[in-house]
Amino acid sequence: MTRHEHWDEQAAGYALDALEPDELAEFDGHLAGCDECRQLVDQHALVAAQLGALADDDRPAPTWADLRDGIIGPANEPASNVALPTRGRVVPIRQHRRAALLTAAAAAAAAIVGITVWQTGGGSSHGPLTSASSCANTAGCHIVALHSGGNTALSVLVYRHDVALVSTTMSQPPPGSEWALWRLPKSGAPQLMTTFDTVDGTRAPIDVPYADIAGFAVSRERAGTTPNTPSTVVASGTVA
């Protein structure tokens with residue numbers, strides 16, 4: 001193990017409040033002069049803040065204390081002189097805790113990657129929204145084609161509380177303009193969902209049941225504005 005791999009695993013334990021006093025003092029001294037470790041600690045804290053948001057319910061995000069208890073046991077767990085039997089050998093608790101910290105660090109790293117995908121993807125249910133074919137093969141995912149001049153310009157994929165756009169023929173807007181996506185309710189005025197330049201990869205949350213939606217539309221708007229109503233509609237489609 002390289003010297004900094006040692007600090008990497010300590011960063012996970014630091015964020016989990018799981019370091020022993022001598023380890024904590026050692027890491028505090030290192031942390032003051034290491035930008036890389038400060039970033040790692042921040043990333044582990046981000047994991048805790050975001051995990052709750054990945055759930056489909058309204059439960060608050062778990063704290064690091066909650067996660068720590070489930071991964072390595074309570075913070076006040078006796079250390080140093082306690083031994084654990086394993087296949088005839090005696091393993092000091094410090095070694096056991098070190099292995100647990102390695103596991104926690106690996107899990108946190110994996111969660112950071114997953115959360116990064118979730119953040120850039122616009123929601124926790126983004127898998128079926130990666131393509132029209134993925135949506136078509138997922139129960140509860142809907143595809144609404146938006147037409148322009150008799151041709152399908154793009155499709156709106158709707159799954160749970162998120163929508164994603166997939167381009168067919170639609171390109172970027174003219175200079176000085178941007179596209180705006182509108183939700184057309186069965187009753188009431190069009191509701192602005194988001195503005196965008198590039199169709200593919202654009203995602204937005206949706207806060208009404210799919211059954212209450214009559215269709216979607218895309219309009220051309222002046223860049224940098226927040227329109228209240230569509231200016232020039234360039235594509236539209238209704239829910240089947």
# chains A, B, ... in the order shown; residues from 1 in each chain; ligands from 1
$ residues_around --residues "region 221-231 of chain A" --least-positions-apart "6" --cutoff "8 Å" --atoms "only C-alpha atoms" --output "number ranges by chain"
A: 176-180, 182, 190-192
$ write_last_selection --atoms "N, CA and C atoms" --output "PDB file, in the first residue's frame"
ATOM      1  N   GLY A 176     -28.559  33.208 -30.762  1.00  0.00           N
ATOM      2  CA  GLY A 176     -29.357  34.146 -29.986  1.00  0.00           C
ATOM      3  C   GLY A 176     -30.671  33.579 -29.499  1.00  0.00           C
ATOM      4  N   SER A 177     -30.910  32.281 -29.793  1.00  0.00           N
ATOM      5  CA  SER A 177     -32.160  31.649 -29.384  1.00  0.00           C
ATOM      6  C   SER A 177     -31.877  30.403 -28.554  1.00  0.00           C
ATOM      7  N   GLU A 178     -32.913  29.901 -27.933  1.00  0.00           N
ATOM      8  CA  GLU A 178     -32.837  28.625 -27.235  1.00  0.00           C
ATOM      9  C   GLU A 178     -34.194  27.947 -27.328  1.00  0.00           C
ATOM     10  N   TRP A 179     -34.191  26.627 -27.130  1.00  0.00           N
ATOM     11  CA  TRP A 179     -35.449  25.883 -27.141  1.00  0.00           C
ATOM     12  C   TRP A 179     -36.042  25.879 -25.728  1.00  0.00           C
ATOM     13  N   ALA A 180     -37.346  25.817 -25.656  1.00  0.00           N
ATOM     14  CA  ALA A 180     -38.051  25.696 -24.376  1.00  0.00           C
ATOM     15  C   ALA A 180     -39.025  24.530 -24.463  1.00  0.00           C
ATOM     16  N   TRP A 182     -42.333  22.661 -23.028  1.00  0.00           N
ATOM     17  CA  TRP A 182     -43.563  22.990 -22.311  1.00  0.00           C
ATOM     18  C   TRP A 182     -44.377  21.737 -22.052  1.00  0.00           C
ATOM     19  N   PRO A 190     -50.072  26.237 -20.773  1.00  0.00           N
ATOM     20  CA  PRO A 190     -48.808  25.491 -20.872  1.00  0.00           C
ATOM     21  C   PRO A 190     -47.858  25.868 -19.730  1.00  0.00           C
ATOM     22  N   GLN A 191     -47.108  24.891 -19.248  1.00  0.00           N
ATOM     23  CA  GLN A 191     -46.182  25.092 -18.142  1.00  0.00           C
ATOM     24  C   GLN A 191     -44.752  24.871 -18.625  1.00  0.00           C
ATOM     25  N   LEU A 192     -43.884  25.880 -18.421  1.00  0.00           N
ATOM     26  CA  LEU A 192     -42.485  25.759 -18.813  1.00  0.00           C
ATOM     27  C   LEU A 192     -41.784  24.717 -17.947  1.00  0.00           C
TER      28      LEU A 192
END
$ closest_residue --among "A:His6, A:Leu181, A:Ala204, A:Arg38" --to "Thr232 (chain A)" --atoms "only C-alpha atoms"
A:Leu181
$ residues_around --residues "Leu129 (chain A)" --least-positions-apart "3" --cutoff "12 Å" --atoms "only C-alpha atoms" --output "NGL selection string"
:A and (118 or 121-126 or 132-138 or 140-143 or 155-166 or 200-204)
$ atom_distance --atom1 "CA of Glu20 (chain A)" --atom2 "CA of Ala32 (chain A)"
18.2 Å
$ atom_distance --atom1 "CA of Ala189 (chain A)" --atom2 "CA of Asp212 (chain A)"
12.8 Å
